[in-house]
Amino acid sequence: MVTGTIFNIQRYSLHDGPGIRTTVFLKGCPLQCWWCHNPEGISLSRELIWHRHKCLGCGACVRACPRKALCFTQANLSYDQEKCDFCMRCVEECPAEAVEVAGQIMTPLEVMAEVEKDRIFFKQSGGGVTISGGEPLAQPQFLLALLKLFRSEGIHTAVDTSGYGRWHDLEQVSRLTDLFLYDLKLMDDSLSRKYTGKSNDLILENLRKLARNHNNIQIRVPLIPGVNDDAENLRAIGQFMRSLGISKMSIHPYHHFGSAKYEKLGRHYKLPHLKPPAAEDVARARGYLERQGIMIIN
Ligand code: SF4
Ligand code: SF4
């Protein structure tokens, strides 16, 4: 039985496709976007999260760990991922709920059992399931198994993707997906390499192919001040969409709600001083795109 690693199942999502949705977040992403607000979705592996502000410094987690994966020095809990087998002893022994594990291994049927709880809302609102991440294509066999199961149950499916994956996988996924939410961030390749860690060649080429195969694609643009909100980039995105016959887009202004997660995961956040765009900057970006005939749907 195929299994996958999931870091969240979010019920009552209103911004991940039509109607009320359940969003299933798969772990693993080949990109390293500077603004990522789900850093716990980047690694394919499960990870330990330490909440410094809750920690009492009692050392119970270190004593409980049978594999000596934890060390508490100078008010800092360090963690050796190579040694950890996710036995959860540290989580169970912590009196302050200051440690948790990001990532749970699940079968498609276990995911379905969670999704089932909201089925009544899907029917009433025209909603369904959205599979997001991380990057869902990072776990292609699990993604396909989920999509097959949801389709067999008559549940509407959306896949939220960066487009960075093998075309062979994306093509199979496209046959089982009702709606694609496809991210476009940067049209300039050198900026894409700088801010996401990858060339945009594969992303753009996959979208060209997908547009020939699938007739329900919405583009998602995260609006990051000073990174991709300039007229040149937005116009290039609009032109590319029009060349493919795609007209719908949603704009997602930058927020820093995920920045606190970086420290908990022992990672560095590269945009600590960036502020969300002002309402007039979002309106300006909207204007650039609408003047090119792009329909902004949020
Ligand atoms: S999950 Fe288990 S092995 Fe991993 S750090 Fe905690 S106690 Fe140690
Ligand atoms: S058991 Fe919890 S509170 Fe105690 S040191 Fe470990 S993380 Fe901190």
# chains A, B, ... in the order shown; residues from 1 in each chain; ligands from 1
call {"tool": "closest_atom_pairs", "arguments": {"of": "chain A", "to": "ligand 2", "cutoff": "9 Å", "atoms": "only C-alpha atoms and all ligand atoms", "output": "JSON lines"}}
result
{"residue": "A:Trp50", "atom": "CA", "partner": "ligand 2", "partner_atom_place_in_ligand_line": "7 (S)", "distance": 6.4}
{"residue": "A:His51", "atom": "CA", "partner": "ligand 2", "partner_atom_place_in_ligand_line": "7 (S)", "distance": 7.3}
{"residue": "A:Arg52", "atom": "CA", "partner": "ligand 2", "partner_atom_place_in_ligand_line": "8 (Fe)", "distance": 7.4}
{"residue": "A:Lys54", "atom": "CA", "partner": "ligand 2", "partner_atom_place_in_ligand_line": "3 (S)", "distance": 6.7}
{"residue": "A:Cys55", "atom": "CA", "partner": "ligand 2", "partner_atom_place_in_ligand_line": "8 (Fe)", "distance": 3.7}
{"residue": "A:Leu56", "atom": "CA", "partner": "ligand 2", "partner_atom_place_in_ligand_line": "3 (S)", "distance": 4.1}
{"residue": "A:Gly57", "atom": "CA", "partner": "ligand 2", "partner_atom_place_in_ligand_line": "5 (S)", "distance": 3.9}
{"residue": "A:Cys58", "atom": "CA", "partner": "ligand 2", "partner_atom_place_in_ligand_line": "4 (Fe)", "distance": 4.0}
{"residue": "A:Gly59", "atom": "CA", "partner": "ligand 2", "partner_atom_place_in_ligand_line": "5 (S)", "distance": 3.9}
{"residue": "A:Ala60", "atom": "CA", "partner": "ligand 2", "partner_atom_place_in_ligand_line": "1 (S)", "distance": 4.1}
{"residue": "A:Cys61", "atom": "CA", "partner": "ligand 2", "partner_atom_place_in_ligand_line": "1 (S)", "distance": 4.0}
{"residue": "A:Val62", "atom": "CA", "partner": "ligand 2", "partner_atom_place_in_ligand_line": "6 (Fe)", "distance": 6.4}
{"residue": "A:Arg63", "atom": "CA", "partner": "ligand 2", "partner_atom_place_in_ligand_line": "1 (S)", "distance": 8.5}
{"residue": "A:Ala64", "atom": "CA", "partner": "ligand 2", "partner_atom_place_in_ligand_line": "1 (S)", "distance": 8.4}
{"residue": "A:Leu70", "atom": "CA", "partner": "ligand 2", "partner_atom_place_in_ligand_line": "6 (Fe)", "distance": 8.8}
{"residue": "A:Phe72", "atom": "CA", "partner": "ligand 2", "partner_atom_place_in_ligand_line": "5 (S)", "distance": 7.1}
{"residue": "A:Ala75", "atom": "CA", "partner": "ligand 2", "partner_atom_place_in_ligand_line": "5 (S)", "distance": 8.7}
{"residue": "A:Asn76", "atom": "CA", "partner": "ligand 2", "partner_atom_place_in_ligand_line": "5 (S)", "distance": 8.8}
{"residue": "A:Leu77", "atom": "CA", "partner": "ligand 2", "partner_atom_place_in_ligand_line": "5 (S)", "distance": 7.3}
{"residue": "A:Cys90", "atom": "CA", "partner": "ligand 2", "partner_atom_place_in_ligand_line": "1 (S)", "distance": 6.5}
{"residue": "A:Val91", "atom": "CA", "partner": "ligand 2", "partner_atom_place_in_ligand_line": "2 (Fe)", "distance": 7.5}
{"residue": "A:Glu92", "atom": "CA", "partner": "ligand 2", "partner_atom_place_in_ligand_line": "1 (S)", "distance": 8.7}
{"residue": "A:Glu93", "atom": "CA", "partner": "ligand 2", "partner_atom_place_in_ligand_line": "1 (S)", "distance": 6.1}
{"residue": "A:Cys94", "atom": "CA", "partner": "ligand 2", "partner_atom_place_in_ligand_line": "1 (S)", "distance": 3.6}
{"residue": "A:Pro95", "atom": "CA", "partner": "ligand 2", "partner_atom_place_in_ligand_line": "2 (Fe)", "distance": 5.8}
{"residue": "A:Ala96", "atom": "CA", "partner": "ligand 2", "partner_atom_place_in_ligand_line": "3 (S)", "distance": 5.0}
{"residue": "A:Glu97", "atom": "CA", "partner": "ligand 2", "partner_atom_place_in_ligand_line": "2 (Fe)", "distance": 6.2}
{"residue": "A:Ala98", "atom": "CA", "partner": "ligand 2", "partner_atom_place_in_ligand_line": "7 (S)", "distance": 4.7}
{"residue": "A:Val99", "atom": "CA", "partner": "ligand 2", "partner_atom_place_in_ligand_line": "7 (S)", "distance": 5.2}
{"residue": "A:Glu100", "atom": "CA", "partner": "ligand 2", "partner_atom_place_in_ligand_line": "7 (S)", "distance": 9.0}
call {"tool": "residues_near_ligand", "arguments": {"ligand": "ligand 1", "cutoff": "7 Å", "atoms": "only C-alpha atoms and all ligand atoms", "output": "NGL selection string"}}
result
:A and (61 or 64-70 or 79 or 83-91)
call {"tool": "write_last_selection", "arguments": {"atoms": "all heavy atoms", "output": "short mmCIF file (atom, residue, chain, number, x, y, z; two decimals), in the first residue's frame"}}
result
data_model
loop_
_atom_site.label_atom_id
_atom_site.label_comp_id
_atom_site.auth_asym_id
_atom_site.auth_seq_id
_atom_site.Cartn_x
_atom_site.Cartn_y
_atom_site.Cartn_z
N CYS A 61 12.93 15.90 27.59
CA CYS A 61 12.97 15.35 26.22
C CYS A 61 14.31 14.66 25.97
O CYS A 61 14.36 13.57 25.38
CB CYS A 61 12.73 16.46 25.20
SG CYS A 61 13.83 17.88 25.41
N ALA A 64 14.48 11.43 27.73
CA ALA A 64 13.54 10.43 27.21
C ALA A 64 14.01 9.83 25.88
O ALA A 64 13.60 8.73 25.52
CB ALA A 64 12.16 11.08 27.00
N CYS A 65 14.88 10.53 25.20
CA CYS A 65 15.24 10.08 23.83
C CYS A 65 16.11 8.83 23.88
O CYS A 65 17.24 8.87 24.37
CB CYS A 65 15.97 11.20 23.08
SG CYS A 65 16.44 10.67 21.42
N PRO A 66 15.63 7.71 23.36
CA PRO A 66 16.42 6.47 23.41
C PRO A 66 17.58 6.47 22.42
O PRO A 66 18.46 5.64 22.51
CB PRO A 66 15.40 5.39 23.05
CG PRO A 66 14.33 6.08 22.29
CD PRO A 66 14.32 7.50 22.74
N ARG A 67 17.59 7.40 21.48
CA ARG A 67 18.62 7.39 20.44
C ARG A 67 19.63 8.53 20.58
O ARG A 67 20.42 8.77 19.68
CB ARG A 67 17.95 7.43 19.06
CG ARG A 67 17.02 6.24 18.85
CD ARG A 67 16.36 6.29 17.50
NE ARG A 67 17.31 6.09 16.43
CZ ARG A 67 17.62 4.94 15.89
NH1 ARG A 67 17.03 3.84 16.34
NH2 ARG A 67 18.48 4.85 14.91
N LYS A 68 19.52 9.23 21.69
CA LYS A 68 20.45 10.35 21.95
C LYS A 68 20.49 11.34 20.78
O LYS A 68 21.55 11.81 20.35
CB LYS A 68 21.86 9.84 22.27
CG LYS A 68 21.88 8.88 23.46
CD LYS A 68 23.22 8.84 24.10
CE LYS A 68 23.29 7.88 25.28
NZ LYS A 68 22.12 7.80 26.14
N ALA A 69 19.31 11.66 20.28
CA ALA A 69 19.21 12.59 19.14
C ALA A 69 19.09 14.04 19.60
O ALA A 69 19.16 14.95 18.78
CB ALA A 69 18.00 12.23 18.27
N LEU A 70 18.87 14.25 20.91
CA LEU A 70 18.64 15.60 21.41
C LEU A 70 19.74 16.02 22.37
O LEU A 70 20.28 15.19 23.12
CB LEU A 70 17.29 15.67 22.14
CG LEU A 70 16.05 15.40 21.29
CD1 LEU A 70 14.82 15.32 22.17
CD2 LEU A 70 15.88 16.49 20.24
N TYR A 79 19.17 19.08 17.63
CA TYR A 79 18.50 17.87 17.22
C TYR A 79 19.27 17.25 16.06
O TYR A 79 19.62 17.94 15.09
CB TYR A 79 17.08 18.29 16.78
CG TYR A 79 16.31 17.35 15.92
CD1 TYR A 79 16.02 16.06 16.35
CD2 TYR A 79 15.82 17.75 14.68
CE1 TYR A 79 15.28 15.20 15.56
CE2 TYR A 79 15.08 16.91 13.89
CZ TYR A 79 14.82 15.63 14.33
OH TYR A 79 14.09 14.79 13.54
N LYS A 83 19.74 10.63 13.63
CA LYS A 83 19.57 9.63 14.69
C LYS A 83 18.10 9.37 15.02
O LYS A 83 17.74 8.33 15.54
CB LYS A 83 20.28 10.10 15.97
CG LYS A 83 21.79 10.10 15.87
CD LYS A 83 22.38 10.53 17.21
CE LYS A 83 23.89 10.56 17.16
NZ LYS A 83 24.45 11.23 18.36
N CYS A 84 17.25 10.33 14.73
CA CYS A 84 15.84 10.27 15.18
C CYS A 84 15.04 9.24 14.38
O CYS A 84 15.11 9.20 13.15
CB CYS A 84 15.22 11.65 15.02
SG CYS A 84 13.48 11.72 15.45
N ASP A 85 14.28 8.42 15.07
CA ASP A 85 13.39 7.47 14.38
C ASP A 85 11.91 7.81 14.64
O ASP A 85 11.03 7.00 14.41
CB ASP A 85 13.69 6.03 14.78
CG ASP A 85 13.36 5.77 16.25
OD1 ASP A 85 12.97 6.73 16.97
OD2 ASP A 85 13.50 4.61 16.68
N PHE A 86 11.66 9.01 15.16
CA PHE A 86 10.30 9.52 15.39
C PHE A 86 9.47 8.61 16.30
O PHE A 86 8.31 8.34 16.05
CB PHE A 86 9.59 9.78 14.05
CG PHE A 86 10.33 10.77 13.20
CD1 PHE A 86 11.13 10.35 12.16
CD2 PHE A 86 10.28 12.11 13.50
CE1 PHE A 86 11.86 11.26 11.43
CE2 PHE A 86 11.00 13.04 12.77
CZ PHE A 86 11.79 12.60 11.72
N CYS A 87 10.13 8.18 17.35
CA CYS A 87 9.43 7.33 18.32
C CYS A 87 8.41 8.13 19.13
O CYS A 87 7.56 7.55 19.79
CB CYS A 87 10.43 6.66 19.25
SG CYS A 87 11.22 7.83 20.39
N MET A 88 8.55 9.44 19.15
CA MET A 88 7.62 10.36 19.83
C MET A 88 7.79 10.41 21.34
O MET A 88 7.01 11.04 22.04
CB MET A 88 6.15 10.04 19.51
CG MET A 88 5.82 9.99 18.04
SD MET A 88 5.91 11.62 17.29
CE MET A 88 4.33 12.29 17.75
N ARG A 89 8.83 9.75 21.87
CA ARG A 89 9.01 9.76 23.32
C ARG A 89 9.21 11.18 23.85
O ARG A 89 8.68 11.55 24.90
CB ARG A 89 10.22 8.89 23.70
CG ARG A 89 10.01 7.41 23.41
CD ARG A 89 9.18 6.73 24.49
NE ARG A 89 9.88 6.75 25.77
CZ ARG A 89 10.86 5.92 26.10
NH1 ARG A 89 11.25 4.98 25.24
NH2 ARG A 89 11.42 6.00 27.28
N CYS A 90 9.98 11.99 23.12
CA CYS A 90 10.23 13.37 23.57
C CYS A 90 8.93 14.17 23.59
O CYS A 90 8.69 14.97 24.50
CB CYS A 90 11.26 14.05 22.68
SG CYS A 90 10.85 14.07 20.93
N VAL A 91 8.09 13.95 22.60
CA VAL A 91 6.82 14.66 22.53
C VAL A 91 5.94 14.27 23.72
O VAL A 91 5.32 15.12 24.37
CB VAL A 91 6.10 14.35 21.19
CG1 VAL A 91 4.74 15.02 21.12
CG2 VAL A 91 6.97 14.78 20.01
#
call {"tool": "closest_residue", "arguments": {"among": "A:Ser13, A:Gln104, A:Gln81, A:Ser132", "to": "Phe25 (chain A)", "atoms": "only C-alpha atoms"}}
result
A:Ser132
call {"tool": "residues_around", "arguments": {"residues": "region 249-254 of chain A", "least_positions_apart": "3", "cutoff": "7 Å", "atoms": "only C-alpha atoms", "output": "PyMOL selection string"}}
result
chain A and resi 218-224+276-277+294-298
call {"tool": "select_by_dssp", "arguments": {"residues": "region 10-252 of chain A", "states": "strand (DSSP E or B)", "output": "PyMOL selection string"}}
result
chain A and resi 10-13+21-26+47-50+70-73+76-79+99-102+104-106+128-133+157-161+179-183+217-223+248-252
call {"tool": "closest_residue", "arguments": {"among": "A:Lys275, A:Glu232, A:Glu263, A:Asn8", "to": "Leu289 (chain A)", "atoms": "only C-alpha atoms"}}
result
A:Glu232
